[in-house]
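Undergrad: Shown below is the structure under consideration.
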Amino acid sequence: MKTLIIGTGYVGLVTGACFASLGHQVVCVDKDVRKIEMLQTGRMPIYELGLTELVQEQLAAGRLRFGLDASACPEAEIALIAVGTPPLPNGEANLAHVFAVVEQLGQTLPTGAVIGTKSTVPVGTAVRISEHLKGMGRGDLKVVSIPEFLREGSAIEDTLHPYRLVFGVQDGESATILERLHEGLQAPMVVCDTQTAEMIKYASNAFLATKISFINEIANICERVDADVSQVAHGMGLDPRIGSSFLKAGLGYGGSCFPKDTRALVSIAGHVDYDFELLRSVVAVNQRQRLEPVHRLREWFGSLAGIKVTLLGVTFKPGTDDIRESPAVDVAEALLDEGAQVQFYDPVAPVVGVQGAEFGVSHDVYESLLGADAAVLVTEWPELLELDWQRARLRMKQPFVFDGRNVLDPLVLQNAGYTFANIGHKSRTFAPMPM
Ligand code: UGA
């Protein structure tokens, strides 16, 4: 099928490359000239596992092209909107970009084409888009909602092997077109109205975020009653009604999706006079949880003024270069506020912005630990799990490590002479082994 994708962020670019690999003729467009120039020569504006290879392969096969606006594919049978929906100050999604694209598509798409939203949009947006198009005299265009469920870091795998396909449609013909577009993917299909599809997306992210905040609260109680949250999560997760995923206690969720979508759903509920109390708490718990390392450092050092702290990991999770809503930024901000000095390690992120200033990020973990009084593991990059802690200790002024993701073995750290703490385990701070 001739497919147009508007927006070349994680969602648009991955979706475009994957649909091309399924045999469709795809044109991805973006108004950012720099991005398009890079993509046309096979270079990626984002870091995503396997994406460079997939895009280059599809470019070479002639199934994927790039352009600056919808006029690059006037013959499109389907156009997917994958532009940003950044949060407004009240938490609501800003739909300005989405409607600017709709306006453009209303002028360029051929009769009877389908417009689909891939961006996460408030419930009722597809209906609003239909009304807008009717107002433009384009009632012939069909509007659908096809939420995406891809994770950064495994975006291609998630797109080509989805857990489910959700098609929100307003008529039967659109459902058939969407089935054609997704031909070759093996997954259960949910065909529903557009509002339901839009809600499935928000409810899914809100539920996963709830699991994370839930286990983080359990972790905080575990510490106080001498229980072990990792074993609690394991014991809970063996029950298939609960499931083991998204039960890793840590510094909470970050990224461009969970923080934005949870706040947006609270706001969507508020608009229909419903107080989504549970989700409001999930958001508040997450905000509090990310500052846990600062409390621990304060407990240990007393004042943080003049203390040098290395944050190990800057991205919101491993496998991505995305720093949006990363706990690292909040931790750094709080430390700087208390007069500490902060230095950063990350294998991918080049710089990080904190309090309006840009900080350099070292790609050499041992160098990043030079002179540090404490290290906080913020992102569980695989390279951090293989660190030589004896060697690291020689670089540090004081051997204090806080593992914010519960991935380090306390015994290894203790044996290497560290004072060590993590989240949700017996004894809030492990003392070093006598040397
Ligand atoms: C998330 C969803 O998982 C995708 O299904 C969805 O499509 C996407 O949002 C979106 O709406 O676009 P993503 O933001 O890439 O994907 O990241 P996740 O892998 O889900 O992780 C989110 C955050 O939760 C990370 O900060 C991670 O560290 C944290 N997390 C995850 C935990 O703290 N504990 C866990 O057990 C799992």
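Ligands are numbered from 1 in the order shown, chains are lettered A, B, ... in the order of the structure tokens, and residues start at 1 in each chain.
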Show me, as a PDB file with N, CA, C and O atoms, in the first residue's frame, the residues that have an atom within 10 Å of His425 (chain A) when counting only C-alpha atoms, minus same-chain residues fewer than 4 positions from it.

TA:
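Saved result, selection.pdb, follows:
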ATOM      1  N   ALA A 219       8.432  -1.527  47.964  1.00  0.00           N
ATOM      2  CA  ALA A 219       9.880  -1.491  48.261  1.00  0.00           C
ATOM      3  C   ALA A 219      10.150  -0.623  49.487  1.00  0.00           C
ATOM      4  O   ALA A 219      10.932  -0.989  50.370  1.00  0.00           O
ATOM      5  N   ASN A 220       9.507   0.520  49.520  1.00  0.00           N
ATOM      6  CA  ASN A 220       9.759   1.445  50.634  1.00  0.00           C
ATOM      7  C   ASN A 220       9.296   0.837  51.957  1.00  0.00           C
ATOM      8  O   ASN A 220       9.919   1.054  52.999  1.00  0.00           O
ATOM      9  N   ILE A 221       8.219   0.056  51.892  1.00  0.00           N
ATOM     10  CA  ILE A 221       7.755  -0.606  53.124  1.00  0.00           C
ATOM     11  C   ILE A 221       8.707  -1.757  53.479  1.00  0.00           C
ATOM     12  O   ILE A 221       9.051  -1.964  54.634  1.00  0.00           O
ATOM     13  N   CYS A 222       9.145  -2.498  52.431  1.00  0.00           N
ATOM     14  CA  CYS A 222      10.078  -3.618  52.655  1.00  0.00           C
ATOM     15  C   CYS A 222      11.275  -3.160  53.490  1.00  0.00           C
ATOM     16  O   CYS A 222      11.710  -3.834  54.419  1.00  0.00           O
ATOM     17  N   GLU A 223      11.822  -2.004  53.117  1.00  0.00           N
ATOM     18  CA  GLU A 223      13.003  -1.508  53.838  1.00  0.00           C
ATOM     19  C   GLU A 223      12.727  -1.341  55.316  1.00  0.00           C
ATOM     20  O   GLU A 223      13.590  -1.567  56.161  1.00  0.00           O
ATOM     21  N   ARG A 224      11.508  -0.925  55.605  1.00  0.00           N
ATOM     22  CA  ARG A 224      11.181  -0.624  57.003  1.00  0.00           C
ATOM     23  C   ARG A 224      10.774  -1.846  57.803  1.00  0.00           C
ATOM     24  O   ARG A 224      10.728  -1.795  59.030  1.00  0.00           O
ATOM     25  N   VAL A 225      10.427  -2.953  57.097  1.00  0.00           N
ATOM     26  CA  VAL A 225      10.028  -4.165  57.838  1.00  0.00           C
ATOM     27  C   VAL A 225      11.026  -5.303  57.599  1.00  0.00           C
ATOM     28  O   VAL A 225      10.715  -6.469  57.852  1.00  0.00           O
ATOM     29  N   ASP A 226      12.194  -4.943  57.053  1.00  0.00           N
ATOM     30  CA  ASP A 226      13.248  -5.924  56.818  1.00  0.00           C
ATOM     31  C   ASP A 226      12.849  -7.033  55.857  1.00  0.00           C
ATOM     32  O   ASP A 226      13.165  -8.202  56.084  1.00  0.00           O
ATOM     33  N   ALA A 227      12.151  -6.674  54.807  1.00  0.00           N
ATOM     34  CA  ALA A 227      11.816  -7.666  53.771  1.00  0.00           C
ATOM     35  C   ALA A 227      12.615  -7.320  52.513  1.00  0.00           C
ATOM     36  O   ALA A 227      13.282  -6.280  52.459  1.00  0.00           O
ATOM     37  N   ASP A 228      12.528  -8.198  51.494  1.00  0.00           N
ATOM     38  CA  ASP A 228      13.354  -8.053  50.300  1.00  0.00           C
ATOM     39  C   ASP A 228      12.441  -7.885  49.078  1.00  0.00           C
ATOM     40  O   ASP A 228      11.767  -8.833  48.666  1.00  0.00           O
ATOM     41  N   VAL A 229      12.426  -6.680  48.501  1.00  0.00           N
ATOM     42  CA  VAL A 229      11.447  -6.398  47.439  1.00  0.00           C
ATOM     43  C   VAL A 229      11.674  -7.249  46.192  1.00  0.00           C
ATOM     44  O   VAL A 229      10.703  -7.597  45.501  1.00  0.00           O
ATOM     45  N   SER A 230      12.917  -7.617  45.896  1.00  0.00           N
ATOM     46  CA  SER A 230      13.150  -8.414  44.680  1.00  0.00           C
ATOM     47  C   SER A 230      12.470  -9.769  44.818  1.00  0.00           C
ATOM     48  O   SER A 230      11.833 -10.268  43.874  1.00  0.00           O
ATOM     49  N   GLN A 231      12.569 -10.347  46.020  1.00  0.00           N
ATOM     50  CA  GLN A 231      11.920 -11.644  46.229  1.00  0.00           C
ATOM     51  C   GLN A 231      10.402 -11.480  46.313  1.00  0.00           C
ATOM     52  O   GLN A 231       9.654 -12.356  45.872  1.00  0.00           O
ATOM     53  N   ASN A 406      18.572  -1.651  41.608  1.00  0.00           N
ATOM     54  CA  ASN A 406      18.683  -3.004  42.181  1.00  0.00           C
ATOM     55  C   ASN A 406      19.279  -4.019  41.221  1.00  0.00           C
ATOM     56  O   ASN A 406      18.741  -5.117  41.031  1.00  0.00           O
ATOM     57  N   ALA A 421      24.030   0.825  49.293  1.00  0.00           N
ATOM     58  CA  ALA A 421      22.591   0.802  49.574  1.00  0.00           C
ATOM     59  C   ALA A 421      21.841   0.626  48.264  1.00  0.00           C
ATOM     60  O   ALA A 421      22.342   0.981  47.195  1.00  0.00           O
ATOM     61  N   THR A 429      21.239   0.575  54.581  1.00  0.00           N
ATOM     62  CA  THR A 429      22.603   0.808  54.104  1.00  0.00           C
ATOM     63  C   THR A 429      23.502  -0.316  54.585  1.00  0.00           C
ATOM     64  O   THR A 429      23.544  -0.613  55.767  1.00  0.00           O
ATOM     65  N   PHE A 430      24.165  -0.968  53.649  1.00  0.00           N
ATOM     66  CA  PHE A 430      25.079  -2.037  54.020  1.00  0.00           C
ATOM     67  C   PHE A 430      26.437  -1.436  54.356  1.00  0.00           C
ATOM     68  O   PHE A 430      26.972  -0.655  53.571  1.00  0.00           O
TER      69      PHE A 430
END

Undergrad: With the cut-off set at 6 Å and counting only C-alpha atoms and all ligand atoms, tabulate each residue of chain A with an atom at most that distance from an atom of ligand 1, showing the nearest atom pair and its distance in Å to one decimal, ordered by chain and increasing number, as a Markdown table.

TA:
| residue | atom | partner | partner_atom_place_in_ligand_line | distance |
| --- | --- | --- | --- | --- |
| A:Glu148 | CA | ligand 1 | 7 (O) | 5.3 |
| A:Phe149 | CA | ligand 1 | 7 (O) | 3.0 |
| A:Leu150 | CA | ligand 1 | 7 (O) | 3.9 |
| A:Arg151 | CA | ligand 1 | 15 (O) | 3.4 |
| A:Glu152 | CA | ligand 1 | 15 (O) | 3.7 |
| A:Ile212 | CA | ligand 1 | 34 (N) | 5.2 |
| A:Ser245 | CA | ligand 1 | 36 (O) | 5.9 |
| A:Phe246 | CA | ligand 1 | 36 (O) | 3.0 |
| A:Leu247 | CA | ligand 1 | 36 (O) | 4.1 |
| A:Lys248 | CA | ligand 1 | 36 (O) | 3.5 |
| A:Ala249 | CA | ligand 1 | 34 (N) | 5.7 |
| A:Gly250 | CA | ligand 1 | 33 (O) | 5.4 |
| A:Gly252 | CA | ligand 1 | 33 (O) | 4.3 |
| A:Tyr253 | CA | ligand 1 | 26 (O) | 3.6 |
| A:Gly254 | CA | ligand 1 | 26 (O) | 3.9 |
| A:Gly255 | CA | ligand 1 | 14 (O) | 5.0 |
| A:Ser256 | CA | ligand 1 | 14 (O) | 5.9 |
| A:Cys257 | CA | ligand 1 | 11 (O) | 4.4 |
| A:Phe258 | CA | ligand 1 | 9 (O) | 5.8 |
| A:Phe316 | CA | ligand 1 | 26 (O) | 4.9 |
| A:Lys317 | CA | ligand 1 | 28 (O) | 4.8 |

Undergrad: Of the candidates A:Ile36, A:Gln25, A:Leu384, A:Gly172, which shows the shortest atom-to-atom distance to Ala79 (chain A), using only C-alpha atoms?

TA: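 Of all the options, A:Gln25 lies closest to Ala79 (chain A).
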
Undergrad: What residues in region 215-358 of chain A get the DSSP label helix (DSSP H, G or I)? Please answer as a PyMOL selection string.

TA: chain A and resi 215-225+229-237+258-271+277-289+292-301+327-337

Undergrad: I need the chosen residues saved as a CSV table (one decimal), in the first residue's frame, with C-alpha atoms.

TA:
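out_19.csv was written with the following content:
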chain,number,residue,atom,x,y,z
A,215,ILE,CA,6.2,-2.0,43.6
A,216,ASN,CA,8.1,1.1,44.5
A,217,GLU,CA,5.7,1.7,47.5
A,218,ILE,CA,6.1,-2.0,48.5
A,219,ALA,CA,9.9,-1.5,48.3
A,220,ASN,CA,9.8,1.4,50.6
A,221,ILE,CA,7.8,-0.6,53.1
A,222,CYS,CA,10.1,-3.6,52.7
A,223,GLU,CA,13.0,-1.5,53.8
A,224,ARG,CA,11.2,-0.6,57.0
A,225,VAL,CA,10.0,-4.2,57.8
A,229,VAL,CA,11.4,-6.4,47.4
A,230,SER,CA,13.2,-8.4,44.7
A,231,GLN,CA,11.9,-11.6,46.2
A,232,VAL,CA,8.5,-10.1,46.9
A,233,ALA,CA,8.2,-9.1,43.2
A,234,HIS,CA,9.4,-12.6,42.2
A,235,GLY,CA,6.9,-14.3,44.5
A,236,MET,CA,4.0,-12.1,43.3
A,237,GLY,CA,4.9,-12.3,39.6
A,258,PHE,CA,4.5,7.2,30.9
A,259,PRO,CA,5.0,10.6,32.6
A,260,LYS,CA,3.1,12.4,29.8
A,261,ASP,CA,0.3,9.9,29.3
A,262,THR,CA,-0.4,9.4,33.0
A,263,ARG,CA,-0.8,13.2,33.6
A,264,ALA,CA,-2.9,13.4,30.4
A,265,LEU,CA,-5.2,10.7,31.5
A,266,VAL,CA,-5.7,12.4,34.9
A,267,SER,CA,-6.6,15.5,32.9
A,268,ILE,CA,-8.9,13.7,30.5
A,269,ALA,CA,-10.8,12.3,33.5
A,270,GLY,CA,-11.0,15.8,35.0
A,271,HIS,CA,-12.6,17.1,31.9
A,277,GLU,CA,-7.5,9.4,42.4
A,278,LEU,CA,-5.5,6.2,41.9
A,279,LEU,CA,-3.6,7.6,38.9
A,280,ARG,CA,-2.9,10.9,40.6
A,281,SER,CA,-1.2,8.9,43.4
A,282,VAL,CA,0.8,6.9,40.9
A,283,VAL,CA,2.2,10.1,39.5
A,284,ALA,CA,3.0,11.6,42.9
A,285,VAL,CA,4.7,8.4,44.1
A,286,ASN,CA,6.8,8.3,40.9
A,287,GLN,CA,7.9,11.9,41.5
A,288,ARG,CA,8.8,11.2,45.1
A,289,GLN,CA,10.6,7.9,44.2
A,292,GLU,CA,15.3,8.5,46.8
A,293,PRO,CA,19.1,8.7,46.2
A,294,VAL,CA,19.2,12.2,47.5
A,295,HIS,CA,17.6,11.2,50.8
A,296,ARG,CA,20.0,8.3,51.1
A,297,LEU,CA,23.0,10.5,50.4
A,298,ARG,CA,21.8,13.0,52.9
A,299,GLU,CA,21.3,10.3,55.5
A,300,TRP,CA,24.8,9.1,55.0
A,301,PHE,CA,26.7,12.3,54.5
A,327,PRO,CA,15.2,10.5,36.9
A,328,ALA,CA,18.9,11.5,36.4
A,329,VAL,CA,17.9,15.1,35.7
A,330,ASP,CA,15.7,15.4,38.8
A,331,VAL,CA,18.4,13.8,41.0
A,332,ALA,CA,21.1,16.1,39.6
A,333,GLU,CA,18.9,19.1,40.1
A,334,ALA,CA,18.2,18.2,43.7
A,335,LEU,CA,21.9,17.6,44.4
A,336,LEU,CA,23.0,20.9,42.9
A,337,ASP,CA,20.3,22.7,44.9

Undergrad: Using only C-alpha atoms, find the one residue out of A:Asp239, A:Glu173, A:Glu48, A:Asp322 that sits nearest to Val143 (chain A).

TA: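 Among the listed residues, the smallest separation from Val143 (chain A) belongs to A:Glu173.
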
Undergrad: Quick one: pull the distance between CA of Gly84 (chain A) and CA of Val272 (chain A), Å, one decimal.

TA: 24.2 Å

Undergrad: Rank nothing, just name the residue among A:Leu4, A:Leu95, A:Arg65, A:Met396 nearest to Thr108 (chain A), using only C-alpha atoms.

TA: A:Leu4
